[in-house]
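Raw contents of query10.txt, compact mmCIF, C-alpha atoms:
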```txt
# COMPACT_ATOMS: atom_id res chain seq x y z
CA MET A 1 -22.38 31.59 -25.13
CA SER A 2 -19.22 29.64 -24.32
CA ARG A 3 -18.23 29.10 -20.70
CA HIS A 4 -14.55 29.64 -20.06
CA VAL A 5 -11.77 31.05 -17.91
CA ALA A 6 -10.82 34.48 -19.23
CA ILE A 7 -7.43 36.19 -19.07
CA VAL A 8 -7.07 39.92 -18.41
CA THR A 9 -3.80 41.83 -18.37
CA ASP A 10 -2.71 45.45 -18.71
CA SER A 11 -1.24 47.45 -21.56
CA THR A 12 2.36 47.11 -20.32
CA ALA A 13 2.39 43.45 -21.43
CA TYR A 14 3.02 44.71 -24.99
CA LEU A 15 1.57 41.61 -26.60
CA PRO A 16 1.06 41.82 -30.37
CA PRO A 17 -2.65 42.46 -31.12
CA ARG A 18 -2.94 39.31 -33.25
CA MET A 19 -1.63 37.24 -30.35
CA MET A 20 -4.12 38.76 -27.91
CA GLU A 21 -6.95 38.08 -30.33
CA ARG A 22 -5.84 34.49 -30.94
CA HIS A 23 -5.71 33.74 -27.23
CA GLY A 24 -8.69 35.84 -26.18
CA ILE A 25 -6.68 38.10 -23.85
CA THR A 26 -8.27 41.36 -22.71
CA THR A 27 -6.13 44.41 -21.92
CA VAL A 28 -6.77 47.30 -19.54
CA PRO A 29 -4.77 50.41 -20.50
CA LEU A 30 -2.52 52.48 -18.25
CA THR A 31 -2.38 56.23 -18.82
CA VAL A 32 0.36 58.64 -19.80
CA VAL A 33 -0.07 62.21 -18.59
CA LEU A 34 1.57 64.58 -21.05
CA GLY A 35 1.41 68.11 -19.71
CA ASP A 36 -2.27 68.44 -18.80
CA GLN A 37 -3.46 65.67 -21.13
CA ALA A 38 -4.26 62.17 -19.87
CA LEU A 39 -3.81 59.71 -22.75
CA GLU A 40 -4.48 55.97 -22.79
CA GLU A 41 -1.51 53.81 -23.72
CA GLY A 42 -1.92 51.95 -26.97
CA THR A 43 -4.67 54.09 -28.46
CA GLU A 44 -4.20 57.78 -27.64
CA ILE A 45 -0.43 58.34 -27.58
CA SER A 46 2.26 57.04 -29.90
CA THR A 47 5.80 56.20 -28.88
CA ARG A 48 7.02 58.82 -31.37
CA SER A 49 4.99 61.52 -29.61
CA LEU A 50 6.31 60.34 -26.28
CA ALA A 51 9.94 60.36 -27.43
CA GLN A 52 9.54 63.88 -28.81
CA ALA A 53 8.04 65.07 -25.51
CA LEU A 54 10.87 63.52 -23.51
CA GLN A 55 13.52 65.04 -25.75
CA LYS A 56 11.90 68.46 -25.25
CA ARG A 57 11.88 67.77 -21.48
CA ARG A 58 8.12 68.19 -21.25
CA SER A 59 6.38 66.95 -18.13
CA VAL A 60 5.53 63.26 -18.59
CA THR A 61 4.07 61.04 -15.88
CA THR A 62 2.12 57.78 -15.83
CA SER A 63 -1.00 56.61 -14.02
CA ARG A 64 -2.58 53.26 -13.20
CA PRO A 65 -6.04 52.27 -14.46
CA SER A 66 -8.82 53.09 -12.01
CA PRO A 67 -10.71 50.38 -10.13
CA ARG A 68 -13.74 51.46 -12.17
CA GLN A 69 -11.94 50.59 -15.41
CA PHE A 70 -11.16 47.14 -14.09
CA ALA A 71 -14.71 46.68 -12.81
CA GLU A 72 -16.12 47.51 -16.25
CA THR A 73 -13.69 45.10 -17.90
CA TYR A 74 -14.57 42.28 -15.52
CA ARG A 75 -18.30 42.84 -16.12
CA LYS A 76 -17.84 42.74 -19.90
CA VAL A 77 -15.71 39.61 -19.75
CA ALA A 78 -18.24 37.89 -17.49
CA ALA A 79 -21.05 38.88 -19.85
CA SER A 80 -19.18 37.16 -22.68
CA GLY A 81 -19.48 33.85 -20.82
CA ALA A 82 -16.46 33.71 -18.53
CA THR A 83 -17.03 31.69 -15.38
CA GLY A 84 -13.77 32.91 -13.84
CA ILE A 85 -11.09 35.51 -14.58
CA VAL A 86 -7.33 35.51 -14.11
CA SER A 87 -6.06 39.11 -14.02
CA LEU A 88 -2.29 39.38 -14.50
CA HIS A 89 -0.42 42.62 -13.99
CA LEU A 90 2.92 44.38 -13.90
CA SER A 91 4.94 44.48 -10.71
CA GLY A 92 3.30 46.15 -7.76
CA GLU A 93 6.70 47.65 -7.00
CA LEU A 94 6.42 49.70 -10.20
CA SER A 95 2.74 50.59 -10.33
CA GLY A 96 -0.52 50.62 -8.37
CA THR A 97 -2.24 48.69 -11.16
CA TYR A 98 -2.38 45.46 -9.12
CA ASP A 99 -4.05 47.25 -6.20
CA ALA A 100 -6.68 48.77 -8.48
CA ALA A 101 -7.46 45.34 -9.93
CA VAL A 102 -7.76 43.80 -6.44
CA THR A 103 -10.25 46.50 -5.43
CA ALA A 104 -12.39 45.88 -8.51
CA ALA A 105 -12.20 42.10 -8.16
CA ARG A 106 -14.09 42.21 -4.86
CA GLU A 107 -17.27 43.34 -6.66
CA ALA A 108 -16.87 41.31 -9.87
CA PRO A 109 -19.82 39.13 -10.96
CA VAL A 110 -17.55 36.06 -11.29
CA PRO A 111 -14.50 34.94 -9.28
CA VAL A 112 -11.35 36.92 -10.18
CA ARG A 113 -7.81 35.93 -9.22
CA VAL A 114 -5.50 38.95 -9.41
CA VAL A 115 -1.78 38.18 -9.75
CA ASP A 116 1.16 40.50 -9.25
CA THR A 117 3.58 38.86 -11.67
CA GLY A 118 6.54 40.93 -10.49
CA THR A 119 7.33 41.55 -14.15
CA VAL A 120 6.62 43.99 -16.97
CA ALA A 121 6.67 44.16 -20.79
CA MET A 122 6.84 40.79 -22.55
CA ALA A 123 7.88 39.15 -19.28
CA LEU A 124 4.28 39.91 -18.31
CA GLY A 125 3.14 39.03 -21.81
CA PHE A 126 4.63 35.54 -21.62
CA CYS A 127 2.84 35.01 -18.29
CA ALA A 128 -0.46 36.02 -19.89
CA LEU A 129 0.16 33.65 -22.81
CA ALA A 130 0.92 30.76 -20.46
CA ALA A 131 -2.30 31.38 -18.55
CA ALA A 132 -4.33 31.75 -21.75
CA GLU A 133 -2.98 28.53 -23.25
CA THR A 134 -3.89 26.68 -20.06
CA ALA A 135 -7.39 28.17 -20.05
CA GLN A 136 -7.93 27.38 -23.73
CA SER A 137 -7.06 23.74 -23.11
CA GLY A 138 -9.79 23.55 -20.44
CA GLY A 139 -7.76 24.52 -17.40
CA THR A 140 -9.31 25.99 -14.27
CA VAL A 141 -8.61 29.40 -12.76
CA ASP A 142 -6.16 27.82 -10.32
CA GLU A 143 -4.37 25.97 -13.12
CA ALA A 144 -4.10 29.12 -15.22
CA VAL A 145 -2.69 31.05 -12.25
CA THR A 146 -0.17 28.28 -11.59
CA ALA A 147 0.96 28.35 -15.24
CA ALA A 148 1.43 32.12 -15.12
CA GLU A 149 3.32 32.04 -11.82
CA LYS A 150 5.59 29.26 -13.05
CA ARG A 151 6.40 31.25 -16.18
CA ALA A 152 7.05 34.39 -14.13
CA ALA A 153 9.41 32.55 -11.79
CA GLY A 154 11.59 31.37 -14.68
CA THR A 155 11.58 34.59 -16.70
CA ALA A 156 14.34 37.19 -16.59
CA ALA A 157 14.31 40.74 -17.95
CA TYR A 158 17.43 42.79 -18.66
CA PHE A 159 17.74 46.20 -20.20
CA TYR A 160 20.08 48.94 -21.25
CA VAL A 161 19.29 52.65 -21.07
CA ASP A 162 21.30 55.58 -22.37
CA THR A 163 20.77 57.40 -19.07
CA LEU A 164 19.31 56.66 -15.64
CA ASP A 165 17.80 60.14 -15.47
CA TYR A 166 14.32 59.13 -16.64
CA LEU A 167 14.15 56.27 -14.12
CA ARG A 168 15.29 58.63 -11.39
CA ARG A 169 12.70 61.26 -12.30
CA GLY A 170 9.92 58.67 -12.13
CA GLY A 171 11.15 57.24 -8.83
CA ARG A 172 11.83 53.81 -10.38
CA ILE A 173 15.49 53.73 -9.35
CA GLY A 174 17.28 55.27 -6.40
CA THR A 175 18.71 58.76 -6.74
CA ALA A 176 22.09 57.61 -5.41
CA GLN A 177 22.37 54.92 -8.11
CA ALA A 178 21.34 57.37 -10.82
CA LEU A 179 23.81 60.02 -9.68
CA LEU A 180 26.60 57.45 -9.45
CA GLY A 181 26.00 56.41 -13.04
CA SER A 182 26.02 60.02 -14.21
CA ALA A 183 29.15 60.92 -12.24
CA LEU A 184 31.12 58.01 -13.64
CA ALA A 185 29.78 58.52 -17.18
CA VAL A 186 28.93 54.84 -17.40
CA LYS A 187 26.27 53.05 -19.41
CA PRO A 188 24.01 51.06 -17.09
CA LEU A 189 22.70 47.54 -17.51
CA LEU A 190 19.68 46.83 -15.34
CA GLN A 191 17.54 43.87 -14.42
CA LEU A 192 14.13 43.23 -12.93
CA GLU A 193 14.76 41.62 -9.56
CA GLY A 194 12.07 41.01 -6.97
CA GLY A 195 9.72 43.16 -9.01
CA ARG A 196 12.09 46.14 -8.77
CA ILE A 197 14.54 47.70 -11.22
CA GLU A 198 18.06 47.03 -9.99
CA LEU A 199 21.43 48.07 -11.34
CA LEU A 200 23.14 44.94 -12.70
CA GLU A 201 26.40 46.21 -14.17
CA LYS A 202 28.08 49.46 -15.17
CA VAL A 203 29.82 49.47 -18.55
CA ARG A 204 31.93 52.26 -20.04
CA THR A 205 30.41 52.61 -23.51
CA ALA A 206 27.10 51.93 -25.21
CA SER A 207 28.59 49.39 -27.63
CA LYS A 208 30.22 47.45 -24.80
CA ALA A 209 27.02 47.56 -22.76
CA ILE A 210 24.96 46.13 -25.63
CA ALA A 211 27.57 43.43 -26.27
CA ARG A 212 27.48 42.55 -22.58
CA LEU A 213 23.67 42.44 -22.67
CA GLU A 214 23.91 39.91 -25.50
CA GLU A 215 26.30 37.75 -23.45
CA ILE A 216 24.06 37.83 -20.39
CA VAL A 217 21.03 36.81 -22.47
CA ALA A 218 22.86 33.93 -24.15
CA ASP A 219 24.11 32.64 -20.79
CA ARG A 220 20.66 32.87 -19.22
CA ALA A 221 18.94 31.18 -22.17
CA GLY A 222 21.27 28.17 -22.26
CA SER A 223 20.16 25.38 -24.59
CA ALA A 224 16.66 24.61 -23.26
CA PRO A 225 13.54 25.72 -25.18
CA VAL A 226 13.10 29.43 -24.57
CA ASP A 227 11.09 32.40 -25.83
CA ILE A 228 12.83 35.75 -26.14
CA ALA A 229 11.53 39.27 -26.66
CA VAL A 230 13.69 42.23 -27.64
CA HIS A 231 12.19 45.62 -26.79
CA HIS A 232 13.33 49.11 -27.69
CA LEU A 233 12.30 52.75 -27.70
CA SER A 234 13.37 54.77 -30.74
CA ALA A 235 16.15 52.24 -31.41
CA ALA A 236 14.68 49.92 -34.02
CA ASP A 237 17.94 49.27 -35.89
CA ARG A 238 19.85 48.42 -32.73
CA ALA A 239 17.02 46.14 -31.58
CA SER A 240 16.89 44.27 -34.89
CA ALA A 241 20.64 43.80 -34.93
CA LEU A 242 20.65 42.56 -31.34
CA ALA A 243 17.80 40.15 -32.08
CA GLU A 244 19.69 38.63 -35.00
CA ARG A 245 22.80 38.14 -32.89
CA VAL A 246 20.74 36.55 -30.12
CA ARG A 247 19.11 34.25 -32.70
CA GLY A 248 22.55 32.94 -33.62
CA ARG A 249 23.62 32.37 -30.03
CA VAL A 250 20.58 30.64 -28.49
CA PRO A 251 20.23 27.05 -29.74
CA GLY A 252 16.94 26.43 -27.94
CA LEU A 253 15.20 29.52 -29.26
CA ALA A 254 11.50 28.90 -29.89
CA ASP A 255 9.85 32.28 -30.51
CA LEU A 256 11.62 35.62 -30.93
CA HIS A 257 9.64 38.84 -30.69
CA VAL A 258 10.99 42.30 -31.53
CA SER A 259 8.85 45.29 -30.60
CA GLU A 260 8.89 48.87 -29.45
CA VAL A 261 7.68 49.40 -25.89
CA GLY A 262 4.65 51.53 -25.28
CA ALA A 263 4.49 54.99 -23.83
CA VAL A 264 4.20 53.95 -20.17
CA ILE A 265 7.50 52.07 -20.00
CA GLY A 266 9.07 54.52 -22.43
CA ALA A 267 8.23 57.43 -20.13
CA HIS A 268 10.42 55.89 -17.42
CA THR A 269 13.32 54.67 -19.56
CA GLY A 270 13.72 57.29 -22.28
CA PRO A 271 14.73 56.93 -25.94
CA GLY A 272 17.53 54.47 -26.64
CA LEU A 273 16.14 51.69 -24.44
CA LEU A 274 17.07 48.12 -25.36
CA GLY A 275 15.46 45.40 -23.30
CA VAL A 276 15.55 41.62 -23.54
CA VAL A 277 13.16 39.18 -21.88
CA VAL A 278 14.26 35.54 -21.56
CA SER A 279 11.42 33.15 -20.77
CA PRO A 280 12.01 29.36 -20.63
CA ARG A 281 9.07 27.27 -21.71
```
Would you encode the structure as structure tokens?
Amino acid sequence: MSRHVAIVTDSTAYLPPRMMERHGITTVPLTVVLGDQALEEGTEISTRSLAQALQKRRSVTTSRPSPRQFAETYRKVAASGATGIVSLHLSGELSGTYDAAVTAAREAPVPVRVVDTGTVAMALGFCALAAAETAQSGGTVDEAVTAAEKRAAGTAAYFYVDTLDYLRRGGRIGTAQALLGSALAVKPLLQLEGGRIELLEKVRTASKAIARLEEIVADRAGSAPVDIAVHHLSAADRASALAERVRGRVPGLADLHVSEVGAVIGAHTGPGLLGVVVSPR
């Protein structure tokens, strides 16, 4: 049995399965509640099913993992030989996931450091990768946490949504901001700032908003080595086209990931989402 520092994250990191396997990252799923059904993200609900439910205006909510789920995960990871665990999670401003992990960590059989990364999606995923790479090279729990926090501090996440209504319904953006966007018939660009979703700019049309998103990403990336992830929900063609344009505008691009978000983030953004994560190495 190998002795090691293990990395745990949650399902909103949206890391490709092969990448999680390669780096030994364990994921704890959040839940989507569709009507009266509670479904685990990643295994029990597809993004297509989610999009259809949203378009039909069915009741869709999300729920954090329970402390018991985290406790079981920590026990299993410790049983595999981990001498310490770094547990990295989406912003506490968006979910109670961090709090559930903290509760479970108190009773874990090995030391657990729980980190609120203040991020979500591949912004969280890049933090988990940084921690895992440090752990795999023999780093301690403290060193893995430092690597994750450094990556989080330098990472930016921007996104476009067709409407602010889904974010308003889920309480992830203020009602006044959402109503202002609707009244002016603008297309919003948002950013993750201080762990919260904030309105960045208001643009008149979808095409102009996406072009502006591309400009913002290119400016943020600069010429230093950088990883970028392009996310979408039911907008694969737009995401692929945006990714190719970004590839041509970012000279320091290292890795570029294009993926559809899972049901938890999709429930709060709605179909048409385009998101871009810029993460300097």
>> Residues within 10 Å of (1.9, 47.9, -15.2), file coordinates, counting all atoms listed in the file: what are they? Give the list as a ChimeraX atom specification.
In response: /A:9-13,28-30,62-65,88-98,116-121,124,264-265
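The space separating CA of Ala108 in chain A from CA of Gly262 in chain A comes to 28.4 Å.
Distance annotation: of A:Ser259, A:Thr205, A:Phe126, A:Tyr166, the residue with the minimal separation from Val226 in chain A is A:Phe126; atom set is all atoms listed in the file.
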Excluding same-chain residues fewer than 6 positions from Arg58 in chain A, what lies within 9 Å of it counting all atoms listed in the file, as a PDB file with C-alpha atoms, in the coordinates of the input?
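Okay, part26.pdb is ready:
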```pdb
ATOM      1  CA  LEU A  34       1.570  64.580 -21.050  1.00  0.00           C
ATOM      2  CA  GLY A  35       1.410  68.110 -19.710  1.00  0.00           C
ATOM      3  CA  GLN A  52       9.540  63.880 -28.810  1.00  0.00           C
TER       4      GLN A  52
END
```
>> Calculated over all atoms listed in the file, which of the candidates A:Pro225, A:Gly24, A:Gly275, A:Pro251 has the smallest distance to Ala131 in chain A?
In response: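 When distances to Ala131 in chain A are compared using all atoms listed in the file, the smallest one comes from A:Gly24.
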>> Counting only C-alpha atoms, which residue out of A:His268, A:Lys202, A:Arg245, A:Arg238 sits closest to Val32 in chain A?
In response: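 Among A:His268, A:Lys202, A:Arg245, A:Arg238, it is A:His268 that comes nearest to Val32 in chain A.
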